[in-house]
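Chemist: What follows is entry_3.cif, made up of mmCIF, C-alpha atoms:
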```cif
data_query
loop_
_atom_site.label_atom_id
_atom_site.label_comp_id
_atom_site.auth_asym_id
_atom_site.auth_seq_id
_atom_site.Cartn_x
_atom_site.Cartn_y
_atom_site.Cartn_z
CA MET A 1 47.52 -14.33 -30.11
CA MET A 2 44.45 -14.03 -27.82
CA PRO A 3 45.11 -14.56 -24.09
CA ASP A 4 43.77 -17.65 -22.36
CA LEU A 5 40.92 -16.47 -20.12
CA THR A 6 39.77 -19.87 -18.83
CA LEU A 7 38.89 -20.39 -15.19
CA ASP A 8 42.36 -21.84 -14.53
CA SER A 9 44.28 -18.96 -16.13
CA PRO A 10 45.92 -16.38 -13.82
CA ARG A 11 44.03 -13.19 -13.10
CA PRO A 12 45.04 -10.26 -15.33
CA VAL A 13 47.30 -7.67 -13.76
CA LEU A 14 44.83 -4.81 -14.09
CA SER A 15 43.37 -2.24 -11.75
CA GLU A 16 40.17 -3.78 -10.38
CA HIS A 17 37.11 -2.07 -8.98
CA PRO A 18 36.90 -2.93 -5.26
CA LEU A 19 33.40 -4.41 -5.71
CA ARG A 20 34.14 -6.45 -8.85
CA LEU A 21 34.60 -9.83 -7.14
CA ALA A 22 31.61 -9.33 -4.86
CA LEU A 23 29.38 -8.36 -7.77
CA ALA A 24 30.61 -11.25 -9.90
CA GLY A 25 29.80 -13.67 -7.09
CA GLU A 26 26.38 -12.16 -6.37
CA ILE A 27 24.85 -13.85 -9.42
CA HIS A 28 25.81 -17.24 -7.91
CA ALA A 29 24.53 -16.42 -4.42
CA ARG A 30 21.86 -18.59 -2.83
CA PRO A 31 22.05 -21.48 -5.32
CA PHE A 32 19.28 -24.07 -5.45
CA GLU A 33 19.80 -27.50 -3.93
CA SER A 34 19.92 -30.77 -5.84
CA LEU A 35 17.08 -32.83 -4.33
CA PRO A 36 16.58 -36.41 -5.51
CA ALA A 37 13.15 -37.78 -4.65
CA PRO A 38 11.95 -38.79 -2.16
CA VAL A 39 12.80 -35.81 0.05
CA ARG A 40 11.12 -33.86 2.80
CA VAL A 41 11.71 -30.14 3.23
CA SER A 42 10.67 -27.85 6.06
CA GLN A 43 11.25 -24.10 5.88
CA VAL A 44 10.64 -21.39 8.46
CA ALA A 45 10.85 -17.70 7.47
CA MET A 46 11.62 -15.47 10.47
CA PHE A 47 10.81 -11.77 10.25
CA HIS A 48 13.68 -9.69 11.59
CA ALA A 49 11.53 -7.03 13.34
CA GLY A 50 14.59 -5.00 14.36
CA LEU A 51 16.75 -8.06 14.94
CA GLU A 52 20.44 -7.28 14.58
CA ALA A 53 22.53 -9.44 12.27
CA THR A 54 24.99 -10.07 15.11
CA ALA A 55 22.28 -11.65 17.26
CA GLU A 56 21.26 -13.97 14.43
CA ARG A 57 24.87 -14.97 13.76
CA ALA A 58 25.34 -15.68 17.46
CA PHE A 59 22.37 -18.07 17.34
CA LEU A 60 23.68 -19.74 14.17
CA THR A 61 27.13 -20.18 15.71
CA ALA A 62 25.66 -21.85 18.79
CA PHE A 63 23.25 -23.96 16.73
CA LEU A 64 25.91 -25.21 14.31
CA SER A 65 28.44 -25.80 17.08
CA ALA A 66 25.93 -27.97 18.90
CA HIS A 67 25.69 -30.11 15.74
CA ALA A 68 29.46 -30.16 15.13
CA ALA A 69 29.18 -27.98 12.01
CA PRO A 70 31.39 -25.00 11.04
CA PRO A 71 30.02 -21.59 12.09
CA PRO A 72 29.14 -18.86 9.56
CA SER A 73 31.70 -16.30 8.44
CA PRO A 74 31.17 -12.72 9.71
CA GLU A 75 29.93 -11.47 6.31
CA ALA A 76 27.96 -14.58 5.29
CA GLN A 77 24.42 -14.07 4.00
CA HIS A 78 23.72 -17.76 3.34
CA LEU A 79 25.20 -21.15 4.15
CA VAL A 80 24.56 -24.88 3.75
CA ARG A 81 25.62 -27.40 6.39
CA SER A 82 25.10 -31.12 6.98
CA LEU A 83 23.63 -31.77 10.43
CA GLY A 84 23.62 -35.55 10.53
CA GLN A 85 20.21 -36.69 9.31
CA VAL A 86 19.29 -33.36 7.74
CA ARG A 87 20.86 -30.79 5.47
CA PHE A 88 20.48 -27.25 6.78
CA LYS A 89 20.32 -24.11 4.66
CA TRP A 90 20.17 -20.54 5.99
CA GLU A 91 19.59 -17.38 3.98
CA ARG A 92 19.40 -13.82 5.29
CA HIS A 93 17.32 -11.32 3.31
CA SER A 94 16.66 -7.64 3.95
CA GLU A 95 13.58 -8.19 6.14
CA PHE A 96 13.59 -11.88 6.97
CA SER A 97 15.73 -15.00 7.19
CA THR A 98 14.84 -18.51 6.07
CA TYR A 99 15.81 -21.71 7.88
CA THR A 100 15.42 -24.73 5.59
CA PHE A 101 15.80 -28.37 6.62
CA MET A 102 15.99 -31.22 4.09
CA ALA A 103 15.69 -34.92 4.91
CA PHE A 104 16.41 -37.57 2.25
CA ASN A 105 14.85 -41.06 2.10
CA ALA A 106 12.90 -40.25 5.25
CA SER A 107 10.27 -42.70 6.42
CA GLY A 108 7.10 -42.10 8.31
CA GLU A 109 3.81 -40.34 7.67
CA PRO A 110 3.95 -37.32 5.30
CA PHE A 111 3.51 -33.89 6.95
CA VAL A 112 3.79 -35.55 10.39
CA ASP A 113 7.31 -36.96 10.46
CA THR A 114 8.82 -33.83 8.92
CA ALA A 115 12.39 -32.71 8.31
CA LEU A 116 12.04 -30.08 11.04
CA ALA A 117 11.02 -32.79 13.52
CA LEU A 118 14.60 -34.10 13.32
CA VAL A 119 15.78 -30.87 15.01
CA ALA A 120 15.39 -30.59 18.76
CA ALA A 121 12.36 -28.55 19.81
CA ALA A 122 14.57 -26.52 22.16
CA TRP A 123 16.47 -25.16 19.17
CA GLN A 124 13.27 -24.50 17.24
CA ARG A 125 12.00 -22.27 20.04
CA ARG A 126 15.22 -20.23 19.87
CA PHE A 127 14.96 -19.25 16.18
CA PRO A 128 15.55 -15.44 16.32
CA GLY A 129 12.82 -13.14 15.07
CA GLN A 130 9.09 -13.60 14.49
CA MET A 131 7.78 -16.48 12.41
CA MET A 132 6.33 -15.11 9.17
CA ASN A 133 5.91 -18.30 7.18
CA ALA A 134 6.32 -22.02 7.81
CA THR A 135 5.88 -24.70 5.16
CA HIS A 136 6.40 -28.45 4.83
CA VAL A 137 7.11 -29.87 1.37
CA GLU A 138 6.87 -33.58 0.50
CA VAL A 139 8.47 -34.75 -2.74
CA PHE A 140 7.80 -38.37 -3.72
CA LEU A 141 5.92 -40.64 -6.10
CA ALA A 142 2.34 -40.51 -4.93
CA ASP A 143 -1.16 -41.24 -6.05
CA THR A 144 -3.27 -38.08 -6.16
CA ALA A 145 -6.19 -40.10 -4.81
CA THR A 146 -4.65 -39.82 -1.35
CA LEU A 147 -4.74 -36.02 -1.35
CA ALA A 148 -7.71 -35.84 1.00
CA THR A 149 -5.69 -37.73 3.60
CA TRP A 150 -3.06 -35.00 3.75
CA PHE A 151 -5.09 -31.87 2.95
CA GLY A 152 -8.48 -32.66 4.46
CA GLU A 153 -11.71 -31.63 2.77
CA ALA A 154 -10.45 -28.14 1.85
CA PRO A 155 -10.39 -27.39 -1.90
CA GLN A 156 -6.96 -28.16 -3.34
CA VAL A 157 -4.92 -26.11 -5.76
CA GLY A 158 -2.76 -28.00 -8.20
CA SER A 159 -1.23 -28.20 -11.63
CA ARG A 160 1.26 -30.02 -13.79
CA VAL A 161 4.55 -28.16 -13.89
CA LEU A 162 7.78 -28.10 -15.86
CA GLY A 163 6.32 -29.66 -18.96
CA GLY A 164 4.42 -32.36 -17.06
CA ALA A 165 7.51 -33.69 -15.25
CA GLY A 166 5.85 -33.00 -11.93
CA GLU A 167 2.61 -32.19 -10.17
CA VAL A 168 2.17 -29.68 -7.36
CA TRP A 169 -0.66 -29.79 -4.83
CA THR A 170 -1.41 -27.44 -1.95
CA ASP A 171 -4.34 -25.78 -0.20
CA PHE A 172 -2.62 -22.54 0.98
CA ARG A 173 -3.92 -23.15 4.51
CA LEU A 174 -2.28 -23.34 7.92
CA HIS A 175 -2.84 -26.75 9.48
CA ALA A 176 -2.95 -27.78 13.12
CA ASP A 177 0.83 -27.55 13.51
CA GLY A 178 0.85 -23.99 12.12
CA PHE A 179 2.56 -25.04 8.87
CA GLY A 180 1.39 -24.95 5.30
CA ARG A 181 1.63 -28.06 3.14
CA ILE A 182 2.89 -28.59 -0.41
CA LEU A 183 2.97 -31.96 -2.13
CA VAL A 184 5.19 -32.48 -5.17
CA CYS A 185 4.56 -35.61 -7.21
CA ASP A 186 7.68 -36.64 -9.11
CA ARG A 187 6.72 -37.75 -12.64
CA GLY A 188 10.20 -37.65 -14.09
CA LEU A 189 11.93 -34.69 -12.43
CA THR A 190 15.71 -34.55 -12.30
CA PRO A 191 17.31 -33.71 -8.92
CA GLY A 192 18.16 -30.25 -10.27
CA GLN A 193 14.59 -29.65 -11.43
CA THR A 194 13.29 -30.84 -8.07
CA GLY A 195 15.59 -28.44 -6.22
CA ARG A 196 14.58 -25.48 -8.38
CA LEU A 197 10.89 -26.40 -8.12
CA VAL A 198 10.95 -26.69 -4.33
CA GLN A 199 12.84 -23.41 -4.01
CA ARG A 200 10.31 -21.59 -6.21
CA LEU A 201 7.36 -23.02 -4.31
CA LEU A 202 8.85 -21.98 -0.96
CA GLU A 203 9.63 -18.52 -2.31
CA ILE A 204 6.04 -18.18 -3.55
CA GLU A 205 4.78 -18.93 -0.05
CA THR A 206 7.27 -16.67 1.74
CA TYR A 207 7.01 -13.71 -0.61
CA ARG A 208 3.22 -14.06 -0.66
CA MET A 209 3.13 -13.54 3.10
CA MET A 210 5.63 -10.70 2.93
CA ALA A 211 3.58 -9.01 0.20
CA LEU A 212 0.43 -9.30 2.30
CA LEU A 213 2.11 -7.32 5.10
CA GLY A 214 1.24 -4.27 3.05
CA PHE A 215 -2.49 -5.05 2.93
CA PRO A 216 -3.41 -3.92 6.51
CA VAL A 217 -1.25 -0.84 5.97
CA ALA A 218 -3.09 -0.10 2.72
CA ARG A 219 -6.47 -0.29 4.46
CA GLN A 220 -5.26 2.04 7.22
CA VAL A 221 -3.89 4.43 4.60
CA SER A 222 -7.22 4.39 2.76
CA ARG A 223 -9.07 5.42 5.92
CA GLU A 224 -6.59 8.19 6.71
CA ILE A 225 -6.60 9.46 3.13
CA GLY A 226 -10.40 9.50 3.11
CA ARG A 227 -10.41 11.76 6.16
CA MET A 228 -7.68 14.05 4.80
CA ASP A 229 -9.29 14.14 1.37
CA GLN A 230 -12.50 15.46 2.92
CA GLY A 231 -10.52 18.11 4.80
CA LEU A 232 -8.78 19.14 1.58
CA THR A 233 -12.14 19.35 -0.20
CA ASP A 234 -13.40 21.71 2.52
CA ILE A 235 -10.31 23.91 2.11
CA ILE A 236 -10.72 24.07 -1.67
CA SER A 237 -14.43 24.90 -1.28
CA ALA A 238 -13.48 27.73 1.08
CA LEU A 239 -10.96 29.00 -1.48
CA ALA A 240 -13.71 29.12 -4.09
CA ASP A 241 -16.04 31.10 -1.77
CA PRO A 242 -15.51 34.86 -2.37
CA GLY A 243 -17.16 35.63 0.97
CA LEU A 244 -14.27 34.05 2.90
CA GLY A 245 -11.53 36.22 1.46
CA GLY A 246 -10.45 37.43 4.89
CA LYS A 247 -9.65 33.96 6.26
CA ASP A 248 -6.60 33.18 4.16
CA ARG A 249 -4.41 32.81 7.25
CA ASP A 250 -6.77 30.24 8.75
CA LEU A 251 -6.95 28.34 5.45
CA LEU A 252 -3.16 28.39 5.17
CA GLU A 253 -2.78 26.94 8.66
CA ARG A 254 -5.30 24.19 7.90
CA LEU A 255 -3.63 23.37 4.60
CA THR A 256 -0.19 23.28 6.21
CA THR A 257 -1.43 20.94 8.93
CA LEU A 258 -3.04 18.66 6.37
CA ALA A 259 0.09 18.60 4.20
CA ALA A 260 2.21 17.71 7.25
CA GLU A 261 -0.15 14.83 8.11
CA ALA A 262 0.02 13.58 4.52
CA GLU A 263 3.82 13.66 4.59
CA ARG A 264 3.87 11.83 7.93
CA LEU A 265 1.54 9.16 6.56
CA ASP A 266 3.63 8.76 3.41
CA ALA A 267 6.87 8.53 5.38
CA GLY A 268 5.39 5.88 7.68
CA THR A 269 3.86 3.66 4.99
CA SER A 270 5.74 4.16 1.71
CA PHE A 271 8.38 1.53 2.48
CA ARG A 272 5.86 -1.17 3.35
CA LEU A 273 3.65 -0.47 0.34
CA SER A 274 6.64 -0.34 -2.00
CA ALA A 275 7.97 -3.58 -0.53
CA ALA A 276 4.56 -5.23 -1.03
CA ARG A 277 4.68 -4.30 -4.71
CA ALA A 278 8.21 -5.72 -5.05
CA TYR A 279 7.33 -8.97 -3.24
CA HIS A 280 4.23 -9.41 -5.39
CA ALA A 281 6.36 -9.02 -8.51
CA ILE A 282 8.62 -11.82 -7.28
CA VAL A 283 5.62 -14.07 -6.58
CA THR A 284 4.30 -13.44 -10.09
CA GLN A 285 7.70 -14.20 -11.59
CA ARG A 286 8.11 -17.44 -9.62
CA ILE A 287 4.65 -18.62 -10.64
CA GLY A 288 5.51 -17.97 -14.29
CA GLU A 289 8.66 -20.07 -13.91
CA LEU A 290 6.57 -23.10 -12.88
CA ARG A 291 5.14 -23.36 -16.42
CA GLU A 292 1.81 -24.62 -15.11
CA GLU A 293 -0.59 -26.80 -17.06
CA ARG A 294 -4.19 -27.04 -15.93
CA MET A 295 -5.66 -30.28 -14.60
CA GLN A 296 -9.37 -30.85 -15.12
CA GLY A 297 -11.48 -29.30 -12.38
CA VAL A 298 -8.55 -27.96 -10.31
CA GLN A 299 -7.44 -24.37 -9.81
CA THR A 300 -3.86 -23.58 -10.80
CA ILE A 301 -1.57 -21.67 -8.48
CA ALA A 302 -1.64 -18.71 -10.87
CA GLU A 303 -5.44 -18.71 -10.90
CA PHE A 304 -5.66 -18.96 -7.12
CA MET A 305 -3.19 -16.11 -6.62
CA GLY A 306 -4.94 -14.04 -9.26
CA ARG A 307 -8.23 -14.32 -7.36
CA ARG A 308 -6.90 -14.05 -3.80
CA LEU A 309 -3.57 -12.21 -3.75
CA THR A 310 -3.94 -9.82 -6.67
CA PRO A 311 -6.96 -7.93 -5.22
CA ALA A 312 -5.01 -7.28 -2.02
CA MET A 313 -2.09 -5.98 -4.06
CA LYS A 314 -4.48 -3.80 -6.07
CA THR A 315 -5.58 -2.29 -2.77
CA CYS A 316 -1.94 -1.50 -1.97
CA ASP A 317 -1.44 0.06 -5.41
CA SER A 318 -4.63 2.08 -4.95
CA ALA A 319 -3.41 3.37 -1.58
CA VAL A 320 -0.13 4.50 -3.15
CA GLU A 321 -1.97 6.23 -6.00
CA ARG A 322 -4.36 7.95 -3.59
CA GLN A 323 -1.43 9.21 -1.53
CA GLN A 324 0.19 10.65 -4.64
CA LEU A 325 -3.10 12.20 -5.77
CA LEU A 326 -3.66 13.76 -2.34
CA ALA A 327 -0.15 15.26 -2.45
CA ARG A 328 -0.76 16.73 -5.91
CA ARG A 329 -4.15 18.19 -4.89
CA ALA A 330 -2.65 19.69 -1.74
CA ALA A 331 0.16 21.22 -3.82
CA ARG A 332 -2.36 22.75 -6.26
CA ALA A 333 -4.45 24.08 -3.39
CA GLY A 334 -1.29 25.57 -1.88
CA ASP A 335 -0.48 27.25 -5.19
CA LEU A 336 -3.98 28.71 -5.38
CA LEU A 337 -3.81 29.97 -1.82
CA ARG A 338 -0.34 31.47 -2.36
CA THR A 339 -1.59 33.20 -5.50
CA ARG A 340 -4.52 34.59 -3.56
CA VAL A 341 -2.26 35.79 -0.76
CA ASP A 342 0.20 37.32 -3.26
CA ILE A 343 -2.61 39.26 -4.96
CA ALA A 344 -3.80 40.55 -1.59
CA LEU A 345 -0.25 41.61 -0.71
CA GLU A 346 0.13 43.38 -4.06
CA GLU A 347 -3.10 45.28 -3.44
CA LYS A 348 -1.88 46.30 0.02
CA ASN A 349 1.48 47.37 -1.42
CA ARG A 350 -0.30 49.40 -4.08
CA ASP A 351 -2.38 51.19 -1.44
CA LEU A 352 0.72 51.75 0.66
CA LEU A 353 2.62 53.24 -2.27
CA HIS A 354 -0.33 55.50 -3.08
CA SER A 355 -0.44 56.67 0.53
CA MET A 356 3.31 57.28 0.52
CA ASP A 357 2.97 59.28 -2.71
CA GLN A 358 0.31 61.45 -1.12
CA ARG A 359 2.46 62.04 1.94
CA ALA A 360 5.42 62.90 -0.27
CA LYS A 361 3.36 65.52 -2.07
CA VAL A 362 2.23 67.04 1.22
CA GLN A 363 5.80 67.03 2.48
CA LEU A 364 6.92 68.76 -0.74
CA ARG A 365 4.34 71.49 -0.30
CA MET A 366 5.34 71.92 3.32
CA GLN A 367 8.97 72.04 2.31
CA GLU A 368 8.25 74.72 -0.26
CA ALA A 369 6.32 76.71 2.36
CA VAL A 370 9.16 76.30 4.82
CA GLU A 371 11.65 77.40 2.18
CA GLY A 372 9.57 80.55 1.53
CA LEU A 373 9.51 81.35 5.23
CA SER A 374 13.24 80.62 5.43
CA VAL A 375 13.95 83.13 2.63
CA ALA A 376 11.90 85.80 4.43
CA ALA A 377 13.50 85.08 7.80
CA ILE A 378 17.07 84.96 6.49
CA SER A 379 16.50 88.06 4.39
CA TYR A 380 15.05 89.86 7.39
CA TYR A 381 18.06 89.09 9.61
CA ALA A 382 20.52 89.87 6.79
CA LEU A 383 18.78 93.19 6.09
CA GLY A 384 18.98 94.00 9.82
CA LEU A 385 22.72 93.43 9.70
CA VAL A 386 23.04 95.75 6.69
CA LEU A 387 20.95 98.36 8.48
CA TYR A 388 23.11 98.15 11.62
CA ALA A 389 26.25 98.42 9.49
CA ALA A 390 24.91 101.51 7.67
CA LYS A 391 24.00 103.15 10.97
CA GLY A 392 27.49 102.42 12.22
CA LEU A 393 29.06 104.01 9.16
CA LYS A 394 26.81 107.07 9.50
CA GLY A 395 27.85 107.44 13.15
CA ALA A 396 31.48 107.28 12.05
CA GLY A 397 30.94 110.47 10.00
CA LEU A 398 30.35 108.94 6.58
CA ALA A 399 27.53 110.26 4.43
CA VAL A 400 25.46 107.02 4.45
CA ASP A 401 21.71 106.93 4.72
CA PRO A 402 20.77 103.66 6.46
CA ASP A 403 17.30 103.54 4.91
CA VAL A 404 18.65 103.99 1.37
CA ALA A 405 21.33 101.36 2.03
CA ALA A 406 18.66 98.91 3.31
CA MET A 407 16.48 99.58 0.26
CA ILE A 408 19.36 98.97 -2.11
CA ALA A 409 20.52 95.82 -0.25
CA LEU A 410 17.04 94.23 0.07
CA PRO A 411 16.68 92.80 -3.48
CA VAL A 412 20.31 91.67 -3.47
CA ILE A 413 19.87 89.86 -0.16
CA VAL A 414 16.59 88.20 -1.20
CA ILE A 415 18.01 87.00 -4.53
CA GLY A 416 21.20 85.80 -2.84
CA VAL A 417 19.26 83.85 -0.19
CA ILE A 418 17.03 82.19 -2.83
CA VAL A 419 20.01 81.20 -4.99
CA GLY A 420 21.93 79.98 -1.95
CA LEU A 421 19.06 77.79 -0.70
CA ARG A 422 18.55 76.22 -4.17
CA ARG A 423 22.24 75.40 -4.45
CA LEU A 424 22.22 73.93 -0.97
CA ARG A 425 19.21 71.74 -1.87
CA LYS A 426 20.96 70.51 -5.02
CA VAL A 427 24.11 69.67 -3.09
CA LEU A 428 22.16 67.74 -0.46
CA GLY A 429 20.23 65.91 -3.20
CA HIS A 430 23.47 64.77 -4.87
CA GLU A 431 24.86 63.52 -1.58
CA GLU A 432 21.72 61.39 -0.93
CA ASN A 433 21.99 59.84 -4.41
#
```
In structure tokens, how does this file's structure come out?

Modeler:
Amino acid sequence: MMPDLTLDSPRPVLSEHPLRLALAGEIHARPFESLPAPVRVSQVAMFHAGLEATAERAFLTAFLSAHAAPPPSPEAQHLVRSLGQVRFKWERHSEFSTYTFMAFNASGEPFVDTALALVAAAWQRRFPGQMMNATHVEVFLADTATLATWFGEAPQVGSRVLGGAGEVWTDFRLHADGFGRILVCDRGLTPGQTGRLVQRLLEIETYRMMALLGFPVARQVSREIGRMDQGLTDIISALADPGLGGKDRDLLERLTTLAAEAERLDAGTSFRLSAARAYHAIVTQRIGELREERMQGVQTIAEFMGRRLTPAMKTCDSAVERQQLLARRAARAGDLLRTRVDIALEEKNRDLLHSMDQRAKVQLRMQEAVEGLSVAAISYYALGLVLYAAKGLKGAGLAVDPDVAAMIALPVIVIGVIVGLRRLRKVLGHEEN
């Protein structure tokens, strides 16, 4: 019989991975809100810029306490609280946090009487971090003929979304209050669809701005790479010039300096350029989820982003590719220079070995000459000893002729000295080995 694994069944008594529950809950993190029209939404994305999580939680605790709402838990990355007239949602991401305020059945003029206006300005000024994006969203039944009233004379961007159940209008501009504006016309959206649509639109705006953070970095990288690329070209040209063979040390120093600068540039910009690519991928995905349908004479969000955001992201991609190409060219130039240096060292070692061979031959000849002199000298002194011994024997009354004794002993002494020296040389040779 199969066990009952429904949500109400007891957990199995098995050894669990310590991260299992956290990973299982991650897929349900940051859920979308159910937003029945009409609704007004204001979101502010605050860039952390070195802001510690503890400082942000301290602000949230004070903010929620002032509105009689429960504070966040120490490990919380998102929360939703009711603050009287508005619903508040906070999410912390790796580089930024979003503060979202939702007002239902609100009256007043669109984009003027906003959801954020229901929060005291003193608290707004205390939002921790640096404001990266700020957007007002109005969701209600509206006549598109009034668009000029809310967006001015700037060209609008709009489309039918989610199978025609809604229309989205925006101009992707910052208005006098510093906020962007998005109008959602409800043509049959369910509260769940409205919540998902608003979340996607806000994510498109926030991630668009985060992606564009890489654009100034990419332009700076392009300038730096242009300068370093010219320096690398000069080094490679010098390597190809046979007349500069004696300046390998100078070329190596220049190449090392250039490679260090390239590594410093890559270390300082790779994160931002990689993050820009990731944020752009999210923007593209969120636009695809809108399922846009074109309206006559109006740019879609995908078309607008393709003409305005994509070129900037192409610049970021180009900067990354140029950095990689510069690193590969520098590595090849380093290999060429090392090969050139190795060949020069081998030539010097060959000359050194030839010189050592010549000195060894000279030393051998000198040794042979010294050995010849040593045989003569040792034989001379040995023969003198024999002569003195013979004279002593003759003086003692023995019939010994010293000259005859010396003549007879001479060849024996010479042969003995030669044999003795050769044996000594062999013994010394074996000891060295």

Chemist: Give me, as a Markdown table, the closest atom pair and its distance (Å, one decimal) for every residue of stretch 26-66 of chain A within a cut-off of 10 Å of stretch 124-135 of chain A, counting all atoms listed in the file, rows sorted by chain and rising number.

Modeler:
```
| residue | atom | partner | partner_atom | distance |
| --- | --- | --- | --- | --- |
| A:Val41 | CA | A:Thr135 | CA | 8.2 |
| A:Ser42 | CA | A:Thr135 | CA | 5.8 |
| A:Gln43 | CA | A:Thr135 | CA | 5.5 |
| A:Val44 | CA | A:Ala134 | CA | 4.4 |
| A:Ala45 | CA | A:Asn133 | CA | 5.0 |
| A:Met46 | CA | A:Met131 | CA | 4.4 |
| A:Phe47 | CA | A:Gln130 | CA | 4.9 |
| A:His48 | CA | A:Gly129 | CA | 5.0 |
| A:Ala49 | CA | A:Gly129 | CA | 6.5 |
| A:Gly50 | CA | A:Gly129 | CA | 8.4 |
| A:Leu51 | CA | A:Gly129 | CA | 6.4 |
| A:Glu52 | CA | A:Gly129 | CA | 9.6 |
| A:Ala55 | CA | A:Pro128 | CA | 7.8 |
| A:Glu56 | CA | A:Pro128 | CA | 6.2 |
| A:Arg57 | CA | A:Pro128 | CA | 9.7 |
| A:Ala58 | CA | A:Pro128 | CA | 9.9 |
| A:Phe59 | CA | A:Pro128 | CA | 7.4 |
| A:Leu60 | CA | A:Phe127 | CA | 9.0 |
| A:Phe63 | CA | A:Arg126 | CA | 9.4 |
```

Chemist: Would you output that residue set with C-alpha atoms, as a short mmCIF file (atom, residue, chain, number, x, y, z; two decimals), in the frame of the given file?

Modeler:
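The result, stored in out.cif:
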```cif
data_model
loop_
_atom_site.label_atom_id
_atom_site.label_comp_id
_atom_site.auth_asym_id
_atom_site.auth_seq_id
_atom_site.Cartn_x
_atom_site.Cartn_y
_atom_site.Cartn_z
CA VAL A 41 11.71 -30.14 3.23
CA SER A 42 10.67 -27.85 6.06
CA GLN A 43 11.25 -24.10 5.88
CA VAL A 44 10.64 -21.39 8.46
CA ALA A 45 10.85 -17.70 7.47
CA MET A 46 11.62 -15.47 10.47
CA PHE A 47 10.81 -11.77 10.25
CA HIS A 48 13.68 -9.69 11.59
CA ALA A 49 11.53 -7.03 13.34
CA GLY A 50 14.59 -5.00 14.36
CA LEU A 51 16.75 -8.06 14.94
CA GLU A 52 20.44 -7.28 14.58
CA ALA A 55 22.28 -11.65 17.26
CA GLU A 56 21.26 -13.97 14.43
CA ARG A 57 24.87 -14.97 13.76
CA ALA A 58 25.34 -15.68 17.46
CA PHE A 59 22.37 -18.07 17.34
CA LEU A 60 23.68 -19.74 14.17
CA PHE A 63 23.25 -23.96 16.73
#
```

Chemist: Interatomic distance between atom CA of A:Leu239 and atom CA of A:Leu251?

Modeler: 8.0 Å

Chemist: Mind giving me the straight-line distance from atom CA of A:Ser379 to atom CA of A:Val417 in Å, one decimal?

Modeler: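 For atom CA of A:Ser379 relative to atom CA of A:Val417, the distance reads 6.8 Å.
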
Chemist: Excluding A:Arg332 and its own-chain neighbours fewer than 6 positions away, which residues fall within 10 Å of it when counting all atoms listed in the file? Please give them as a ChimeraX atom specification.

Modeler: /A:236,326,338

Chemist: Show which residues sit within 12 Å of stretch 111-114 of chain A, as a ChimeraX atom specification. Count all atoms listed in the file, and ignore same-chain residues fewer than 5 positions away.

Modeler: /A:39-43,85-86,100-106,119,135-139,147,149-151,175-183
